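Scroll down for the structure; my scribbles are underneath it.
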Amino acid sequence: MERSAVSNAKTTWWSGTDKALFLLAVTIALFTCAVYVPGLRNGYVYYDDNLYITMNQSITQLDLQFVRWAFTTFQVYNWQPLTWISYALDYALWGMDPFGYHLTNVILHGANTVLVMLLVARLFSSAWQRGSIGAYPRERMLITAGITGLLFGIHPLHVESVAWLGERKDVLYAFFYLLALLSYLSYAVATSRGRRFRSYTACLLLFACSAMSKAMAVTLPALFLLLDFFPLRRITGSRKELLRVLVLEKAPFFLISALVSLLAFSAQRLGGAMQTFEVITLGERILAAARAGWFYLEKMLIPQGLAPFYPTFLPITIEAHDLQVFTAYTVIVLSCLWTARRSFLVTLWSSYFVMLFPALGLVKVGTQAAADRYAYLAILGPLLLIGIGTAIAAEQISKRSSRTRGVLFVLCLGALLSILLTALTVKQIRVWKDDLTLWSREIEVYPYSVPLGYICRADAYSRRGMTEQAIADYSMAVQVDPQNSEAYYKRGKLFYITGKMRLAANDFTQALVFNPGLQEARYYKQVAEESLR
């Protein structure tokens with residue numbers, strides 16, 4: 001009888017919260033979509049959008065042959081069949097109108113915002129049901145979920161994932177990832193065998209869909225283990241029970257992770273993006289990973305200097321900044337050990353690094369040190385911490401002063417965050433309007449260290465027939481990186497087209513010095529030299 005009363009009380013708590021939570025989640029999601037409305041007028045950027053959409057004939061026919069292609073191709077050096085299918089569905093609806101593709105991204109991000117808030121509420125509900133925490137007051141839970149969802153929805157760090165059509169895989173994999181987490185929590189607290197089976201099956205299928213959208217989803221099984229530790233407290237009991245929870249139950253998930261990781265590594269290796277330990281040592285990778293972890297926290301707290309491309313942290317040299325990183329990590333570790341609720345903080349901070357692990361650089365891919373898109377889901381833990389802090393602060397104000405002042409504190413903070421983050425997010429959305437605005441932003445942030453910004457903006461000028469501006473940017477790229485064969489070659493092509501054969505021959509010669517395998521430069525060099533004779 002007593003156990004039944006407790007169960008009924010918990011059901012009543014969740015049911016009473018459900019409607020208010022749902023209304024709050026929908027409201028914040030609609031506000032999030034409204035913030036992104038200016039992005040619906042954006043066009044394509046020549047930064048993978050061409051490879052995914054505008055020059056991809058495969059997505060123009062949604063049939064069995066296309067589905068077979070989607071599941072077998074390594075195009076753009078990724079394995080992402082559901083992402084390809086999503087583009088094909090957009091093409092069937094919108095053709096090549098970028099409005100429709102942007103709309104899909106915005107809707108997915110709005111849906112993810114709702115799921116984040118439901119996930120926060122379900123985490124506390126599950127923790128209560130498992131006896132990990134005491135009663136979490138209804139108002140505190142709503143404030144926690146609301147602030148976390150608001151920050152997730154309109155944070156400018158998420159603009160790259162939403163406004164960049166070539167990054168559809170981010171919002172898509174996150175959608176299935178969050179649904180899989182909700183299914184897992186339902187499975188973990190379910191009492192009937194039928195409900196457990198349905199929740200487990202749904203969780204497995206949703207995880208597979210997430211992994212087929214983007215390989216970063218492979219972190220989900222490790223996150224399940226963290227949740228088993230706290231708040232679900234399932235890593236207890238007999239050896240048989242531990243075997244079931246840690247091995248048998250998780251085996252299908254880790255098998256999918258292993259297969260998807262293998263496919264991802266194969267695709268990246270095919271593109272020549274993988275860098276071996278002979279090129280970058282393990283010590284350099286570890287220090288670079290520490291810097292990357294702190295980098296995203298900095299951008300989350302102070303979202304300034306956002307750019308489409310961040311230069312690599314390599315080669316590694318010990319800098320004063322590393323002392324800040326070490327100090328920050330020390331504070332995090334000590335806070336986990338000191339606080340009475342250390343299990344919660346261990347799970348929270350560990351989830352941040354687990355979800356970020358594929359992007360930390362321990363397995364180094366390409367030359368980019370970091371990217372805003374890598375933090376799309378990873379910053380959920382830190383955002384949740386802010387949400388909890390806000391809720392507790394409001395509760396303390398209500399106790400010491402009045403409930404009205406507590407409510408006023410939350411409303412004022414929410415309004416302030418909405419105004420500040422909306423302004424920053426709308427400004428960042430405009431960055432992704434087209435090639436010129438995108439790469440002008442890169443040059444603004446990194447004027448003397450990243451030649452890519454000048455090269456890509458020069459390409460944009462060149463496609464628009466603005467030859468003089470393009471040559472000027474290629475020349476700046478050469479100044480930033482005097483050994484950049486791509487800048488020499490492309491500037492040489494423009495000199496060749498405009499009849500400046502001597503300058504063209506000089507540039508092709510320089511391109512071949514730094515990249516002897518550039519056969520097109522060799523051909524144009526010969527033609528230019530013959531015309532000078």
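Identifiers for the structure tokens are assigned positionally: chains receive A, B, ... in sequence, residues are indexed from 1 per chain, and ligands are indexed from 1 in the order shown.
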Could you pull the residues within 12 Å of Leu494 (chain A), counting only C-alpha atoms, minus those fewer than 6 positions along the same chain, as a PyMOL selection string?
chain A and resi 458-459+461-463+465-475+487-488+500-501+503-505+507-508+524
Can you pull out every residue within 9 Å of Leu380 (chain A), counting only C-alpha atoms, but drop anything in the same chain fewer than 4 positions away, and send it as an MDAnalysis selection string?
chainID A and resid 116 148 152 348 351:352 375:376 384:385
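When only C-alpha atoms are used to measure the gap to Leu345 (chain A), the shortest distance among A:Cys456, A:Met476, A:Leu64, A:Leu227 belongs to A:Leu227.
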Contact residues around Ala215 (chain A) with only C-alpha atoms at 12 Å, ignoring same-chain residues under 5 positions, as a PDB file with N, CA and C atoms, in the first residue's frame:
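File written: result-v5.pdb
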ATOM      1  N   TYR A  77      33.069  12.676 -47.976  1.00  0.00           N
ATOM      2  CA  TYR A  77      33.884  11.940 -47.005  1.00  0.00           C
ATOM      3  C   TYR A  77      33.169  11.736 -45.676  1.00  0.00           C
ATOM      4  N   ASN A  78      31.871  11.434 -45.781  1.00  0.00           N
ATOM      5  CA  ASN A  78      31.069  11.083 -44.611  1.00  0.00           C
ATOM      6  C   ASN A  78      30.096   9.978 -45.001  1.00  0.00           C
ATOM      7  N   TRP A  79      29.687   9.197 -43.988  1.00  0.00           N
ATOM      8  CA  TRP A  79      28.610   8.230 -44.198  1.00  0.00           C
ATOM      9  C   TRP A  79      27.413   8.742 -43.425  1.00  0.00           C
ATOM     10  N   GLN A  80      26.379   9.201 -44.161  1.00  0.00           N
ATOM     11  CA  GLN A  80      25.255   9.894 -43.533  1.00  0.00           C
ATOM     12  C   GLN A  80      23.981   9.696 -44.363  1.00  0.00           C
ATOM     13  N   PRO A  81      23.508   8.468 -44.492  1.00  0.00           N
ATOM     14  CA  PRO A  81      22.380   8.193 -45.392  1.00  0.00           C
ATOM     15  C   PRO A  81      21.116   8.977 -45.082  1.00  0.00           C
ATOM     16  N   LEU A  82      20.764   9.149 -43.811  1.00  0.00           N
ATOM     17  CA  LEU A  82      19.525   9.873 -43.500  1.00  0.00           C
ATOM     18  C   LEU A  82      19.637  11.358 -43.825  1.00  0.00           C
ATOM     19  N   THR A  83      20.843  11.892 -43.723  1.00  0.00           N
ATOM     20  CA  THR A  83      21.040  13.295 -44.107  1.00  0.00           C
ATOM     21  C   THR A  83      20.796  13.474 -45.601  1.00  0.00           C
ATOM     22  N   LYS A 169      23.124  17.777 -41.051  1.00  0.00           N
ATOM     23  CA  LYS A 169      23.343  16.568 -40.240  1.00  0.00           C
ATOM     24  C   LYS A 169      23.368  16.862 -38.743  1.00  0.00           C
ATOM     25  N   ASP A 170      23.726  18.074 -38.351  1.00  0.00           N
ATOM     26  CA  ASP A 170      23.795  18.418 -36.935  1.00  0.00           C
ATOM     27  C   ASP A 170      22.416  18.424 -36.286  1.00  0.00           C
ATOM     28  N   LEU A 172      19.740  17.211 -37.466  1.00  0.00           N
ATOM     29  CA  LEU A 172      19.044  15.948 -37.694  1.00  0.00           C
ATOM     30  C   LEU A 172      19.502  14.871 -36.711  1.00  0.00           C
ATOM     31  N   TYR A 173      20.812  14.723 -36.544  1.00  0.00           N
ATOM     32  CA  TYR A 173      21.295  13.701 -35.612  1.00  0.00           C
ATOM     33  C   TYR A 173      20.892  14.046 -34.180  1.00  0.00           C
ATOM     34  N   ALA A 174      20.888  15.340 -33.844  1.00  0.00           N
ATOM     35  CA  ALA A 174      20.496  15.761 -32.502  1.00  0.00           C
ATOM     36  C   ALA A 174      19.031  15.427 -32.220  1.00  0.00           C
ATOM     37  N   TYR A 177      18.961  11.800 -31.467  1.00  0.00           N
ATOM     38  CA  TYR A 177      19.785  11.606 -30.262  1.00  0.00           C
ATOM     39  C   TYR A 177      18.976  11.924 -29.001  1.00  0.00           C
ATOM     40  N   PHE A 207      18.651   5.553 -31.942  1.00  0.00           N
ATOM     41  CA  PHE A 207      20.105   5.700 -31.942  1.00  0.00           C
ATOM     42  C   PHE A 207      20.679   5.378 -33.314  1.00  0.00           C
ATOM     43  N   ALA A 208      20.158   4.327 -33.948  1.00  0.00           N
ATOM     44  CA  ALA A 208      20.629   3.978 -35.292  1.00  0.00           C
ATOM     45  C   ALA A 208      20.350   5.116 -36.274  1.00  0.00           C
ATOM     46  N   CYS A 209      19.157   5.725 -36.159  1.00  0.00           N
ATOM     47  CA  CYS A 209      18.824   6.854 -37.033  1.00  0.00           C
ATOM     48  C   CYS A 209      19.760   8.034 -36.788  1.00  0.00           C
ATOM     49  N   SER A 210      20.084   8.289 -35.512  1.00  0.00           N
ATOM     50  CA  SER A 210      21.002   9.379 -35.184  1.00  0.00           C
ATOM     51  C   SER A 210      22.383   9.116 -35.772  1.00  0.00           C
ATOM     52  N   LEU A 220      26.581   8.172 -27.763  1.00  0.00           N
ATOM     53  CA  LEU A 220      25.370   7.949 -26.969  1.00  0.00           C
ATOM     54  C   LEU A 220      25.470   6.769 -26.000  1.00  0.00           C
ATOM     55  N   ILE A 256      26.653  -0.894 -32.897  1.00  0.00           N
ATOM     56  CA  ILE A 256      26.318   0.144 -33.885  1.00  0.00           C
ATOM     57  C   ILE A 256      27.372   1.246 -33.873  1.00  0.00           C
ATOM     58  N   SER A 257      27.809   1.654 -32.679  1.00  0.00           N
ATOM     59  CA  SER A 257      28.845   2.696 -32.573  1.00  0.00           C
ATOM     60  C   SER A 257      30.123   2.270 -33.272  1.00  0.00           C
ATOM     61  N   ALA A 258      30.516   1.005 -33.069  1.00  0.00           N
ATOM     62  CA  ALA A 258      31.752   0.506 -33.678  1.00  0.00           C
ATOM     63  C   ALA A 258      31.639   0.490 -35.202  1.00  0.00           C
ATOM     64  N   LEU A 259      30.503   0.040 -35.715  1.00  0.00           N
ATOM     65  CA  LEU A 259      30.312  -0.021 -37.168  1.00  0.00           C
ATOM     66  C   LEU A 259      30.306   1.371 -37.789  1.00  0.00           C
ATOM     67  N   VAL A 260      29.582   2.299 -37.151  1.00  0.00           N
ATOM     68  CA  VAL A 260      29.505   3.667 -37.686  1.00  0.00           C
ATOM     69  C   VAL A 260      30.871   4.354 -37.589  1.00  0.00           C
ATOM     70  N   SER A 261      31.605   4.111 -36.503  1.00  0.00           N
ATOM     71  CA  SER A 261      32.950   4.689 -36.355  1.00  0.00           C
ATOM     72  C   SER A 261      33.873   4.167 -37.447  1.00  0.00           C
ATOM     73  N   LEU A 262      33.765   2.882 -37.735  1.00  0.00           N
ATOM     74  CA  LEU A 262      34.586   2.292 -38.792  1.00  0.00           C
ATOM     75  C   LEU A 262      34.266   2.919 -40.141  1.00  0.00           C
ATOM     76  N   LEU A 263      32.980   3.105 -40.415  1.00  0.00           N
ATOM     77  CA  LEU A 263      32.580   3.743 -41.672  1.00  0.00           C
ATOM     78  C   LEU A 263      33.063   5.189 -41.735  1.00  0.00           C
ATOM     79  N   ALA A 264      32.973   5.897 -40.606  1.00  0.00           N
ATOM     80  CA  ALA A 264      33.411   7.298 -40.562  1.00  0.00           C
ATOM     81  C   ALA A 264      34.915   7.400 -40.789  1.00  0.00           C
ATOM     82  N   PHE A 265      35.694   6.540 -40.136  1.00  0.00           N
ATOM     83  CA  PHE A 265      37.149   6.553 -40.316  1.00  0.00           C
ATOM     84  C   PHE A 265      37.515   6.228 -41.762  1.00  0.00           C
ATOM     85  N   SER A 266      36.803   5.267 -42.346  1.00  0.00           N
ATOM     86  CA  SER A 266      37.070   4.885 -43.733  1.00  0.00           C
ATOM     87  C   SER A 266      36.798   6.048 -44.673  1.00  0.00           C
ATOM     88  N   ALA A 267      35.687   6.759 -44.423  1.00  0.00           N
ATOM     89  CA  ALA A 267      35.332   7.897 -45.272  1.00  0.00           C
ATOM     90  C   ALA A 267      36.359   9.017 -45.148  1.00  0.00           C
ATOM     91  N   GLN A 268      36.778   9.319 -43.913  1.00  0.00           N
ATOM     92  CA  GLN A 268      37.757  10.391 -43.706  1.00  0.00           C
ATOM     93  C   GLN A 268      39.124  10.007 -44.265  1.00  0.00           C
ATOM     94  N   MET A 355      30.187  13.854 -25.072  1.00  0.00           N
ATOM     95  CA  MET A 355      29.535  14.270 -26.317  1.00  0.00           C
ATOM     96  C   MET A 355      30.490  15.049 -27.224  1.00  0.00           C
ATOM     97  N   LEU A 356      31.485  15.679 -26.636  1.00  0.00           N
ATOM     98  CA  LEU A 356      32.443  16.466 -27.402  1.00  0.00           C
ATOM     99  C   LEU A 356      33.630  15.627 -27.880  1.00  0.00           C
ATOM    100  N   PHE A 357      33.762  14.412 -27.360  1.00  0.00           N
ATOM    101  CA  PHE A 357      34.963  13.601 -27.588  1.00  0.00           C
ATOM    102  C   PHE A 357      35.359  13.478 -29.068  1.00  0.00           C
ATOM    103  N   PRO A 358      34.427  13.183 -29.989  1.00  0.00           N
ATOM    104  CA  PRO A 358      34.846  13.040 -31.392  1.00  0.00           C
ATOM    105  C   PRO A 358      35.468  14.297 -31.987  1.00  0.00           C
ATOM    106  N   ALA A 359      35.210  15.459 -31.369  1.00  0.00           N
ATOM    107  CA  ALA A 359      35.702  16.725 -31.921  1.00  0.00           C
ATOM    108  C   ALA A 359      36.860  17.316 -31.126  1.00  0.00           C
ATOM    109  N   TYR A 374      30.337  21.671 -33.487  1.00  0.00           N
ATOM    110  CA  TYR A 374      30.691  20.540 -32.623  1.00  0.00           C
ATOM    111  C   TYR A 374      30.076  20.664 -31.232  1.00  0.00           C
TER     112      TYR A 374
END
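Nearest residue to Thr422 (chain A) among A:Leu151, A:Leu40, A:Ala20, A:Leu142 is A:Leu151, counting only C-alpha atoms.
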Point-to-point distance in Å for CA of Val450 (chain A) and CA of Asp481 (chain A)
8.1 Å
